[in-house]
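Raw contents of target_6.cif, mmCIF, C-alpha atoms:
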data_work
loop_
_atom_site.label_atom_id
_atom_site.label_comp_id
_atom_site.auth_asym_id
_atom_site.auth_seq_id
_atom_site.Cartn_x
_atom_site.Cartn_y
_atom_site.Cartn_z
CA MET A 79 -35.36 9.70 10.66
CA SER A 80 -35.57 7.12 7.90
CA LEU A 81 -32.80 4.70 7.03
CA ASP A 82 -32.32 6.40 3.68
CA ALA A 83 -31.59 9.74 5.31
CA VAL A 84 -29.10 8.17 7.71
CA LEU A 85 -27.30 6.38 4.90
CA ASP A 86 -27.17 9.61 2.91
CA ILE A 87 -25.63 11.47 5.82
CA VAL A 88 -23.00 8.77 6.32
CA ALA A 89 -22.30 8.85 2.57
CA ALA A 90 -21.93 12.63 2.64
CA PHE A 91 -19.51 12.35 5.56
CA CYS A 92 -17.43 9.76 3.69
CA LEU A 93 -17.34 11.83 0.49
CA ILE A 94 -16.29 15.01 2.27
CA SER A 95 -13.56 13.30 4.32
CA GLY A 96 -12.23 11.67 1.18
CA ALA A 97 -12.11 15.05 -0.54
CA LEU A 98 -10.39 16.59 2.49
CA LEU A 99 -7.72 13.90 2.37
CA SER A 100 -7.20 14.63 -1.33
CA LEU A 101 -6.82 18.30 -0.53
CA ALA A 102 -4.27 17.57 2.20
CA ALA A 103 -2.37 15.42 -0.29
CA GLY A 104 -2.38 18.28 -2.78
CA VAL A 105 -0.98 20.65 -0.16
CA ALA A 106 1.61 18.09 0.87
CA LEU A 107 2.70 17.54 -2.72
CA VAL A 108 3.51 21.21 -3.00
CA ARG A 109 5.08 21.66 0.41
CA PHE A 110 7.04 18.48 1.15
CA PRO A 111 10.77 18.70 0.44
CA ASP A 112 11.65 15.61 -1.58
CA LEU A 113 10.35 12.73 -3.66
CA LEU A 114 9.95 10.16 -0.90
CA THR A 115 8.09 12.44 1.48
CA ARG A 116 5.79 13.41 -1.37
CA MET A 117 5.12 9.75 -1.98
CA HIS A 118 3.90 9.41 1.60
CA ALA A 119 1.48 12.22 0.88
CA ALA A 120 0.37 10.50 -2.31
CA ALA A 121 -0.51 7.27 -0.48
CA LYS A 122 -3.27 9.00 1.46
CA PRO A 123 -5.89 9.83 -1.20
CA GLN A 124 -4.94 6.66 -3.04
CA VAL A 125 -5.83 4.40 -0.15
CA LEU A 126 -7.99 5.80 2.63
CA GLY A 127 -9.38 8.71 0.62
CA LEU A 128 -10.38 6.44 -2.24
CA LEU A 129 -11.89 3.85 0.10
CA LEU A 130 -13.97 6.54 1.81
CA VAL A 131 -15.20 7.92 -1.51
CA LEU A 132 -16.06 4.42 -2.75
CA VAL A 133 -17.96 3.63 0.46
CA GLY A 134 -19.78 6.94 0.14
CA ALA A 135 -20.75 6.25 -3.46
CA GLY A 136 -21.79 2.70 -2.58
CA LEU A 137 -24.05 3.96 0.21
CA ARG A 138 -25.74 6.33 -2.20
CA LEU A 139 -26.11 3.94 -5.13
CA ARG A 140 -27.19 0.79 -3.23
CA THR A 141 -27.64 -1.43 -6.28
CA GLY A 142 -25.89 -4.74 -6.77
CA VAL A 143 -24.09 -4.10 -10.05
CA ASP A 144 -22.75 -0.70 -8.98
CA VAL A 145 -21.55 -1.95 -5.62
CA THR A 146 -19.65 -4.87 -7.18
CA THR A 147 -17.92 -2.44 -9.54
CA LEU A 148 -16.94 -0.23 -6.60
CA VAL A 149 -15.61 -3.25 -4.69
CA LEU A 150 -13.54 -4.17 -7.73
CA VAL A 151 -12.09 -0.66 -7.96
CA GLY A 152 -11.14 -0.90 -4.29
CA ILE A 153 -9.48 -4.30 -4.74
CA PHE A 154 -7.49 -3.16 -7.76
CA GLN A 155 -6.35 -0.01 -6.04
CA LEU A 156 -5.30 -1.76 -2.82
CA ALA A 157 -3.46 -4.47 -4.73
CA THR A 158 -1.61 -2.16 -7.11
CA ALA A 159 -0.80 0.97 -5.08
CA PRO A 160 2.01 -0.62 -3.00
CA VAL A 161 3.63 -2.17 -6.06
CA ALA A 162 3.62 1.12 -7.92
CA ALA A 163 4.96 2.95 -4.86
CA HIS A 164 7.74 0.41 -4.46
CA MET A 165 8.76 0.74 -8.12
CA VAL A 166 8.84 4.53 -7.97
CA GLY A 167 10.67 4.54 -4.64
CA ARG A 168 13.30 2.13 -5.88
CA ALA A 169 13.79 4.08 -9.09
CA GLY A 170 14.16 7.30 -7.12
CA TYR A 171 16.35 6.12 -4.30
CA PRO A 172 19.97 6.54 -5.40
CA GLN A 173 19.27 9.91 -7.00
CA ASP A 174 19.67 13.48 -5.91
CA ASP A 175 15.89 13.74 -5.58
CA ILE A 176 16.20 12.75 -1.97
CA ARG A 177 17.29 15.29 0.60
CA GLY A 178 19.92 13.43 2.56
CA ASP A 179 20.16 16.23 5.11
CA LEU A 180 16.63 15.50 6.28
CA LEU A 181 17.31 11.83 6.90
CA LEU A 182 18.03 10.70 10.42
CA THR A 183 19.59 7.41 9.39
CA ASP A 184 20.04 5.64 6.11
CA GLU A 185 20.51 1.92 6.58
CA LEU A 186 19.86 1.16 2.92
CA ALA A 187 22.96 3.07 1.82
CA ALA A 188 25.11 0.90 4.09
CA HIS A 189 23.47 -2.21 2.71
CA LEU A 190 24.01 -1.12 -0.90
CA ASP A 191 27.65 -0.32 -0.17
CA ARG A 192 28.09 -3.77 1.29
CA VAL A 193 26.45 -5.43 -1.71
CA ALA A 194 28.59 -3.40 -4.11
CA GLY A 195 31.70 -4.35 -2.12
CA GLU A 196 30.81 -8.02 -2.27
CA ARG A 197 30.26 -7.77 -6.02
CA GLU A 198 33.66 -6.14 -6.46
CA ASP A 199 35.31 -8.86 -4.39
CA ALA A 200 33.60 -11.52 -6.46
CA ALA A 201 34.70 -9.83 -9.66
CA ARG A 202 38.29 -9.63 -8.46
CA ALA A 203 38.45 -13.22 -7.27
CA MET B 147 28.59 1.45 13.36
CA LYS B 148 25.99 1.06 16.01
CA PRO B 149 25.22 -2.41 17.33
CA ASP B 150 22.87 -4.33 15.11
CA PRO B 151 19.66 -4.97 17.01
CA MET B 152 18.30 -7.43 14.52
CA THR B 153 20.72 -10.33 14.59
CA PRO B 154 18.71 -13.53 14.26
CA ALA B 155 19.09 -16.24 16.86
CA GLU B 156 19.24 -18.96 14.27
CA PRO B 157 19.70 -18.93 10.50
CA THR B 158 16.35 -18.74 8.76
CA GLU B 159 15.36 -21.51 6.41
CA PRO B 160 15.76 -20.99 2.66
CA PRO B 161 12.98 -18.76 1.34
CA ASN B 162 11.70 -21.21 -1.24
CA PRO B 163 11.58 -24.84 -0.24
CA PRO B 164 10.17 -26.97 -3.05
CA LEU B 165 6.41 -27.34 -2.99
CA SER B 166 4.56 -30.55 -2.47
CA ARG B 167 1.88 -31.56 -4.93
CA THR B 168 -0.99 -30.79 -2.61
CA ALA B 169 0.45 -27.34 -1.95
CA ARG B 170 0.67 -26.66 -5.66
CA ARG B 171 -2.87 -27.84 -6.21
CA ARG B 172 -4.11 -25.66 -3.35
CA ASN B 173 -2.28 -22.64 -4.79
CA ARG B 174 -3.96 -23.23 -8.12
CA ILE B 175 -7.37 -23.52 -6.51
CA VAL B 176 -6.87 -20.27 -4.56
CA ALA B 177 -5.75 -18.44 -7.70
CA MET B 178 -8.69 -19.87 -9.68
CA THR B 179 -11.18 -18.81 -7.01
CA PHE B 180 -9.81 -15.30 -6.88
CA LEU B 181 -9.81 -14.90 -10.66
CA VAL B 182 -13.39 -16.17 -10.91
CA ILE B 183 -14.48 -13.76 -8.15
CA VAL B 184 -12.91 -10.83 -10.03
CA TRP B 185 -14.57 -12.01 -13.25
CA VAL B 186 -18.01 -12.22 -11.62
CA LEU B 187 -17.49 -8.80 -10.01
CA LEU B 188 -16.57 -7.35 -13.39
CA TRP B 189 -19.82 -8.60 -14.87
CA GLY B 190 -21.62 -7.41 -11.79
CA THR B 191 -24.20 -10.18 -11.61
CA PHE B 192 -23.93 -13.69 -10.26
CA SER B 193 -25.07 -16.26 -12.76
CA TRP B 194 -23.90 -19.73 -13.68
CA ALA B 195 -22.94 -18.51 -17.13
CA ASN B 196 -20.61 -15.98 -15.52
CA VAL B 197 -19.08 -18.52 -13.16
CA ILE B 198 -18.47 -21.09 -15.90
CA SER B 199 -17.03 -18.59 -18.37
CA GLY B 200 -14.91 -17.24 -15.50
CA LEU B 201 -13.58 -20.72 -14.79
CA VAL B 202 -12.62 -21.14 -18.45
CA VAL B 203 -10.88 -17.75 -18.56
CA ALA B 204 -9.07 -18.43 -15.27
CA ALA B 205 -7.89 -21.83 -16.49
CA ILE B 206 -6.52 -20.32 -19.70
CA LEU B 207 -4.84 -17.48 -17.79
CA LEU B 208 -3.17 -19.82 -15.31
CA ALA B 209 -2.01 -22.09 -18.11
CA VAL B 210 -0.54 -19.22 -20.14
CA PHE B 211 0.82 -17.10 -17.27
CA PRO B 212 1.65 -19.51 -14.44
CA LEU B 213 2.03 -17.87 -11.05
CA PRO B 214 5.25 -18.10 -9.06
CA PRO B 215 5.03 -20.72 -6.32
CA VAL B 216 3.83 -19.47 -2.94
CA THR B 217 4.80 -21.35 0.16
CA PHE B 218 1.96 -21.23 2.58
CA ALA B 219 2.51 -23.58 5.47
CA GLY B 220 -0.01 -22.25 7.92
CA ARG B 221 -3.73 -21.90 7.94
CA VAL B 222 -5.99 -18.90 8.28
CA HIS B 223 -6.88 -18.06 11.86
CA PRO B 224 -10.14 -16.11 11.66
CA TRP B 225 -9.65 -14.40 15.00
CA GLY B 226 -6.10 -13.34 14.21
CA ALA B 227 -7.14 -12.18 10.74
CA LEU B 228 -9.96 -10.08 12.17
CA ARG B 229 -7.64 -8.50 14.70
CA PHE B 230 -5.08 -7.77 11.99
CA LEU B 231 -7.77 -6.19 9.81
CA LEU B 232 -9.19 -3.96 12.55
CA ARG B 233 -5.77 -2.85 13.65
CA PHE B 234 -4.82 -2.19 10.01
CA LEU B 235 -7.87 0.02 9.48
CA ARG B 236 -7.12 1.90 12.68
CA ASP B 237 -3.48 2.43 11.63
CA LEU B 238 -4.68 3.59 8.22
CA VAL B 239 -6.97 6.25 9.67
CA VAL B 240 -4.52 7.44 12.32
CA ALA B 241 -1.60 7.63 9.90
CA SER B 242 -3.65 9.40 7.23
CA VAL B 243 -4.76 12.07 9.68
CA GLN B 244 -1.20 12.45 10.97
CA ILE B 245 0.26 12.94 7.51
CA ALA B 246 -2.54 15.33 6.59
CA TRP B 247 -1.77 17.38 9.68
CA LEU B 248 1.92 17.26 8.83
CA ALA B 249 1.13 18.73 5.42
CA LEU B 250 -1.00 21.56 6.77
CA ARG B 251 1.19 22.39 9.76
CA PRO B 252 2.87 25.74 9.18
CA ARG B 253 6.66 26.16 9.13
CA HIS B 254 7.61 22.56 9.66
CA ILE B 255 9.83 20.44 7.46
CA PRO B 256 9.34 16.79 8.31
CA ARG B 257 12.37 14.66 9.08
CA SER B 258 12.50 11.09 7.88
CA ALA B 259 14.69 8.03 8.07
CA ILE B 260 15.48 4.92 6.08
CA ILE B 261 15.66 1.84 8.24
CA ALA B 262 16.32 -1.83 7.67
CA VAL B 263 14.04 -4.26 9.45
CA LYS B 264 14.84 -7.93 9.40
CA LEU B 265 11.69 -9.99 9.68
CA ARG B 266 11.72 -13.01 11.92
CA VAL B 267 9.90 -15.30 9.49
CA ASN B 268 11.61 -15.29 6.13
CA SER B 269 8.97 -16.51 3.72
CA ASP B 270 7.95 -14.80 0.50
CA LEU B 271 4.35 -14.57 1.61
CA ASN B 272 5.17 -12.97 4.93
CA LEU B 273 7.61 -10.54 3.31
CA THR B 274 5.04 -9.55 0.69
CA LEU B 275 2.13 -9.13 3.07
CA THR B 276 4.15 -7.11 5.57
CA ALA B 277 5.46 -4.89 2.78
CA GLU B 278 1.98 -4.40 1.32
CA ALA B 279 0.45 -3.52 4.67
CA LEU B 280 3.28 -1.09 5.40
CA SER B 281 3.00 0.57 1.99
CA LEU B 282 -0.74 1.01 2.23
CA VAL B 283 -0.45 2.89 5.49
CA PRO B 284 0.78 6.42 4.79
CA GLY B 285 3.96 7.28 6.63
CA SER B 286 5.93 4.19 5.71
CA LEU B 287 7.21 3.27 2.31
CA ILE B 288 9.04 0.19 1.08
CA LEU B 289 12.18 1.11 -0.84
CA GLU B 290 13.78 -2.27 -1.21
CA ALA B 291 13.29 -5.82 -0.06
CA ASP B 292 16.10 -8.32 0.35
CA ARG B 293 14.56 -11.71 -0.23
CA ASN B 294 17.58 -13.73 0.84
CA THR B 295 17.68 -12.39 4.35
CA GLY B 296 14.04 -11.31 4.62
CA THR B 297 14.92 -7.68 5.22
CA LEU B 298 12.72 -4.73 4.36
CA PHE B 299 14.16 -1.28 3.78
CA ILE B 300 11.57 1.22 4.86
CA HIS B 301 11.42 4.97 4.46
CA VAL B 302 9.54 6.42 7.37
CA ILE B 303 8.40 10.01 7.64
CA ASN B 304 7.76 12.17 10.67
CA VAL B 305 10.41 10.85 13.02
CA ASP B 306 12.30 13.39 15.08
CA SER B 307 14.71 11.26 17.04
CA LEU B 308 16.47 7.93 16.91
CA ALA B 309 14.25 6.74 19.76
CA GLU B 310 11.24 7.21 17.52
CA VAL B 311 13.02 5.27 14.81
CA GLU B 312 13.45 2.36 17.21
CA LYS B 313 9.79 2.63 18.18
CA PHE B 314 8.84 2.37 14.54
CA ARG B 315 11.03 -0.70 14.16
CA HIS B 316 9.09 -2.31 16.98
CA GLU B 317 5.84 -1.42 15.27
CA VAL B 318 6.97 -3.15 12.08
CA LEU B 319 7.83 -6.29 14.03
CA ALA B 320 4.48 -6.10 15.83
CA LEU B 321 2.78 -5.88 12.44
CA GLU B 322 4.67 -8.97 11.34
CA ALA B 323 3.58 -10.76 14.49
CA ARG B 324 -0.06 -9.87 13.73
CA ILE B 325 0.24 -11.16 10.18
CA ILE B 326 1.78 -14.41 11.38
CA ALA B 327 -0.95 -14.68 14.00
CA ALA B 328 -3.46 -14.36 11.17
CA ILE B 329 -2.04 -16.80 8.63
CA GLY B 330 1.04 -18.43 10.16
CA SER B 331 1.81 -22.06 10.86
CA PRO B 332 2.60 -23.17 14.43
CA GLU B 333 6.27 -23.33 13.43
CA GLU B 334 6.24 -19.70 12.28
CA LEU B 335 4.39 -18.62 15.40
CA ARG B 336 7.08 -20.26 17.47
CA GLN B 337 9.75 -18.45 15.45
CA VAL B 338 8.11 -15.12 16.09
CA ARG B 339 7.80 -15.76 19.80
CA ALA B 340 11.35 -17.03 20.09
CA GLY B 341 12.72 -14.24 17.89
CA SER B 342 15.75 -12.49 19.30
CA THR B 343 14.02 -9.15 18.96
CA PRO B 344 12.40 -7.96 22.16
CA PRO B 345 8.61 -8.14 22.35
CA PRO B 346 6.76 -5.03 21.20
CA PRO B 347 6.44 -2.38 23.86
CA VAL B 348 3.24 -2.40 25.87
CA ASP B 349 2.18 1.07 24.77
CA LEU B 350 1.04 -0.43 21.44
CA GLU B 351 -2.44 -1.21 22.66
CA GLY B 352 -4.34 -3.83 20.75
CA ALA B 353 -1.14 -5.41 19.50
CA THR B 354 -0.49 -7.59 22.52
CA THR B 355 -2.43 -10.74 22.95
CA MET C 177 -26.82 16.55 -1.00
CA THR C 178 -26.26 19.52 -3.32
CA ILE C 179 -24.24 21.32 -0.64
CA VAL C 180 -22.13 18.19 -0.18
CA ALA C 181 -21.54 17.92 -3.90
CA VAL C 182 -20.51 21.58 -4.15
CA THR C 183 -18.15 21.26 -1.15
CA VAL C 184 -16.54 18.11 -2.49
CA THR C 185 -16.16 19.65 -5.94
CA ALA C 186 -14.48 22.72 -4.49
CA LEU C 187 -12.11 20.67 -2.33
CA LEU C 188 -11.19 18.38 -5.20
CA ALA C 189 -10.70 21.31 -7.56
CA VAL C 190 -8.21 22.97 -5.20
CA ALA C 191 -6.45 19.64 -4.63
CA GLY C 192 -6.25 19.09 -8.38
CA ALA C 193 -4.82 22.57 -8.96
CA LEU C 194 -2.14 22.03 -6.29
CA THR C 195 -1.27 18.66 -7.78
CA LEU C 196 -1.00 20.23 -11.22
CA THR C 197 1.53 22.74 -9.94
CA ARG C 198 3.65 19.83 -8.76
CA ILE C 199 3.32 18.16 -12.15
CA ILE C 200 4.48 21.36 -13.82
CA ARG C 201 7.28 22.12 -11.40
CA GLY C 202 8.69 18.60 -11.30
CA PRO C 203 11.68 18.62 -10.81
CA SER C 204 12.20 14.99 -11.78
CA ILE C 205 10.07 12.69 -13.87
CA LEU C 206 9.33 10.57 -10.81
CA ASP C 207 7.88 13.57 -8.98
CA ARG C 208 5.61 14.06 -11.94
CA ALA C 209 4.65 10.39 -11.96
CA VAL C 210 3.69 10.53 -8.28
CA ALA C 211 1.72 13.72 -8.79
CA THR C 212 -0.04 12.24 -11.81
CA ASP C 213 -1.05 9.28 -9.70
CA VAL C 214 -2.55 11.62 -7.14
CA LEU C 215 -4.34 13.52 -9.88
CA LEU C 216 -5.78 10.24 -11.10
CA ALA C 217 -6.99 9.42 -7.57
CA ILE C 218 -8.64 12.86 -7.46
CA ILE C 219 -10.33 12.22 -10.80
CA VAL C 220 -11.58 8.85 -9.54
CA ALA C 221 -12.96 10.58 -6.45
CA ALA C 222 -14.66 13.19 -8.63
CA ILE C 223 -16.31 10.60 -10.88
CA ALA C 224 -17.45 8.56 -7.88
CA THR C 225 -18.88 11.69 -6.26
CA GLU C 226 -20.76 12.53 -9.43
CA ALA C 227 -22.17 8.99 -9.50
CA ALA C 228 -23.17 9.31 -5.85
CA TYR C 229 -24.77 12.71 -6.39
CA SER C 230 -26.89 11.72 -9.37
CA ARG C 231 -27.44 8.13 -8.14
CA ASP C 232 -26.35 6.94 -11.54
CA GLY C 233 -23.75 4.23 -11.90
CA THR C 234 -23.13 4.55 -15.63
CA ALA C 235 -19.65 6.01 -15.19
CA LEU C 236 -18.44 3.43 -12.68
CA PRO C 237 -16.76 1.02 -15.16
CA VAL C 238 -14.52 3.95 -16.07
CA LEU C 239 -13.19 3.83 -12.51
CA VAL C 240 -12.02 0.23 -12.94
CA VAL C 241 -10.12 1.22 -16.05
CA LEU C 242 -8.62 4.28 -14.33
CA ALA C 243 -7.49 2.23 -11.32
CA VAL C 244 -5.60 -0.20 -13.54
CA LEU C 245 -4.33 2.51 -15.88
CA GLY C 246 -2.75 4.49 -13.05
CA PHE C 247 -0.84 1.43 -11.96
CA VAL C 248 0.44 0.60 -15.44
CA GLY C 249 1.38 4.24 -16.00
CA SER C 250 3.44 4.78 -12.89
CA VAL C 251 5.15 1.39 -13.12
CA SER C 252 6.23 2.03 -16.70
CA VAL C 253 7.49 5.51 -15.84
CA ALA C 254 9.40 4.08 -12.88
CA ARG C 255 11.00 1.41 -15.03
CA PHE C 256 11.90 3.97 -17.65
CA ALA C 257 13.49 6.25 -15.06
CA ALA C 258 15.35 3.37 -13.41
CA ARG C 259 16.84 2.23 -16.69
CA ARG C 260 18.00 5.73 -17.53
CA ASN C 261 19.65 6.07 -14.13
CA SER C 262 21.61 2.87 -14.37
CA LYS C 263 23.23 3.92 -17.62
#
Please render this file's structure as structure tokens.
Amino acid sequence: MSLDAVLDIVAAFCLISGALLSLAAGVALVRFPDLLTRMHAAAKPQVLGLLLVLVGAGLRLRTGVDVTTLVLVGIFQLATAPVAAHMVGRAGYPQDDIRGDLLLTDELAAHLDRVAGEREDAARA
Amino acid sequence: MKPDPMTPAEPTEPPNPPLSRTARRRNRIVAMTFLVIVWVLLWGTFSWANVISGLVVAAILLAVFPLPPVTFAGRVHPWGALRFLLRFLRDLVVASVQIAWLALRPRHIPRSAIIAVKLRVNSDLNLTLTAEALSLVPGSLILEADRNTGTLFIHVINVDSLAEVEKFRHEVLALEARIIAAIGSPEELRQVRAGSTPPPPVDLEGATT
Amino acid sequence: MTIVAVTVTALLAVAGALTLTRIIRGPSILDRAVATDVLLAIIVAAIATEAAYSRDGTALPVLVVLAVLGFVGSVSVARFAARRNSK
């Protein structure tokens, strides 16, 4: 078997697994109960799924300019996805979007209460 | 209130000690290099014209939008960095498959938890890198970071008991230890080893040295 | 490679449809922002697959723009939602 054929098969494998991860994310978006759990589902095609698809495309294209573009897409995505997730998570946290009954513990609520208490003390003093 | 398992042995140093001149110059060189690399990648071909125009653009960018100071006391350990990278990729694949299975599993509503993890090394760089690595792996999500105490507030999915929550806390600290092993200074390495938190459990294969 | 392309297209189409239902159903604007991000990732995957199938990299610069655009979009929505909450 030639190298080309092997690379194509690996590329096909990467593309299909990436698509499967996207599908699982779609299912999870519909089924998961609240905002934060859905965000976990969203992280999967955005990171591993996208990396797999980019690797697959890179293996098929095999030219310098295209591969550098794909690398750049990967870098941008990896650098920005956590920041965006953090912003959305922080904006969503104190809201009713989150099912408190499904949480085992919530150590952030205690922390926020403490911070609010300290602020009130400072305001009173 | 349950006992706090994360009390530090000693107060951590302030997160932002002032930078020396060499540190500032090194930060600028790192930022320049990265910007030029992105510029060359955008053009897609390596040529001196690209590199020189990239240097000009990077210099203008850094002059107009200066970056916040980064304290980086250590040096890059190639072996530690490689181990961190491999372990990160493995975590990424395992967690992605787990969450995918969780989504497809019939009649199951996942439980989750929000936990606070106090990192042993309180530097901006360590806090950022740990948070980024945690966010990229599906299954853990950074909600809030307290920079003064170096605490991350993490939403973690697919935990069914408080024992699993504690296990996850250990995994976060093991991740921090790997990051410090990759880029930390000897001082930070000592802090991690001497940290009051117990060492990560042995069942995390690949994490122990 | 044609079979692969058809399979990937079908998978991505179903994923996109499911994501769209979440965008429609909401309930909050943040849910929609997250779902839109996923939809964008699916679109990126589709464009990359098309490039891989036809061995033609013309569309790849679009991916760079999409990757940055998704970030700017969800961050601005998150900021908007956070400001509205704090009022």
*Who sits within 8 Å of Ala119 (chain A), all atoms listed in the file, same chain under 4 positions skipped, as a list in words*: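 The neighbour list is Ala102, Ala103, Ala106, Leu107 and Thr115 of chain A; Ile245, Ala246, Ala249, Pro284 and Gly285 of chain B.
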*Between A:Leu114, A:Ala157, A:Ala83, A:Ala135, which is the closest to chain C once you count all atoms listed in the file?*
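For chain C, the nearest of the candidates is A:Ala135.
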*asked:* For this structure, which residues satisfy the selection - the PyMOL selection byres ((chain B) within 6 of (chain A)) - when it is evaluated on the file as given? I want them as a PyMOL selection string.
replied: chain B and resi 187+190+242+246+249+257-262+278+281+284-285+288-289
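Residues of chain C having any atom within 12 Å of chain B, counting all atoms listed in the file, are Gly233, Leu236, Pro237, Val238, Leu239, Val240 and Val241 of chain C.
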*asked:* Once the PyMOL selection byres ((chain C) within 7 of (chain A)) has been evaluated on this model, what residues remain selected, and can you format them as a PyMOL selection string?
replied: chain C and resi 180+184+187-188+190-192+194-195+198+206-207+210+214+217-218+221+224-225+227-228+231+233+236-237+239-240+243-244+247+250-251+254+257-258
Go ahead and write the residues just picked, C-alpha atoms, as a compact mmCIF listing (two decimals), in the coordinates of the input.
# COMPACT_ATOMS: atom_id res chain seq x y z
CA VAL C 180 -22.13 18.19 -0.18
CA VAL C 184 -16.54 18.11 -2.49
CA LEU C 187 -12.11 20.67 -2.33
CA LEU C 188 -11.19 18.38 -5.20
CA VAL C 190 -8.21 22.97 -5.20
CA ALA C 191 -6.45 19.64 -4.63
CA GLY C 192 -6.25 19.09 -8.38
CA LEU C 194 -2.14 22.03 -6.29
CA THR C 195 -1.27 18.66 -7.78
CA ARG C 198 3.65 19.83 -8.76
CA LEU C 206 9.33 10.57 -10.81
CA ASP C 207 7.88 13.57 -8.98
CA VAL C 210 3.69 10.53 -8.28
CA VAL C 214 -2.55 11.62 -7.14
CA ALA C 217 -6.99 9.42 -7.57
CA ILE C 218 -8.64 12.86 -7.46
CA ALA C 221 -12.96 10.58 -6.45
CA ALA C 224 -17.45 8.56 -7.88
CA THR C 225 -18.88 11.69 -6.26
CA ALA C 227 -22.17 8.99 -9.50
CA ALA C 228 -23.17 9.31 -5.85
CA ARG C 231 -27.44 8.13 -8.14
CA GLY C 233 -23.75 4.23 -11.90
CA LEU C 236 -18.44 3.43 -12.68
CA PRO C 237 -16.76 1.02 -15.16
CA LEU C 239 -13.19 3.83 -12.51
CA VAL C 240 -12.02 0.23 -12.94
CA ALA C 243 -7.49 2.23 -11.32
CA VAL C 244 -5.60 -0.20 -13.54
CA PHE C 247 -0.84 1.43 -11.96
CA SER C 250 3.44 4.78 -12.89
CA VAL C 251 5.15 1.39 -13.12
CA ALA C 254 9.40 4.08 -12.88
CA ALA C 257 13.49 6.25 -15.06
CA ALA C 258 15.35 3.37 -13.41
*Hey, what comes out of the PyMOL selection byres ((chain B and resi 313-315) around 9) on this file? Could you write it as a PyMOL selection string?*
chain B and resi 261-263+302+305+308-312+316-320+346-347
*Find the residues near Thr274 (chain B): any atom within 10 Å, counting only C-alpha atoms, skip ones fewer than 4 places away on the same chain, and give them as a list in words.*
Ser269, Asp270, Glu278, Ala279, Leu280, Ala291, Arg293, Gly296 and Leu298 of chain B
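One distance worth recording is that between CA of Leu228 (chain B) and CA of Leu273 (chain B), which is 19.7 Å.
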_Distance of CA of Ile303 (chain B) from CA of Val338 (chain B), expressed in Å to one decimal place_ =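 Those two atoms sit 26.5 Å apart.
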*asked:* Please report the interatomic distance between CA of Asp292 (chain B) and CA of Arg336 (chain B) in Å with one decimal.
replied: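 We find that CA of Asp292 (chain B) and CA of Arg336 (chain B) lie 22.7 Å from each other.
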Centre, x/y/z edge lengths, axis-aligned box for region 116-130 of chain A with 5 Å per side, as JSON:
{"center_x": -4.1, "center_y": 8.6, "center_z": -0.2, "size_x": 29.8, "size_y": 19.6, "size_z": 15.7}
*May I ask which of the residues B:Val283, B:Gln244, B:Trp185, B:Val216 is the closest one to Arg171 (chain B), counting all atoms listed in the file?*
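Looking only at the distances to Arg171 (chain B), the closest residue turns out to be B:Val216.
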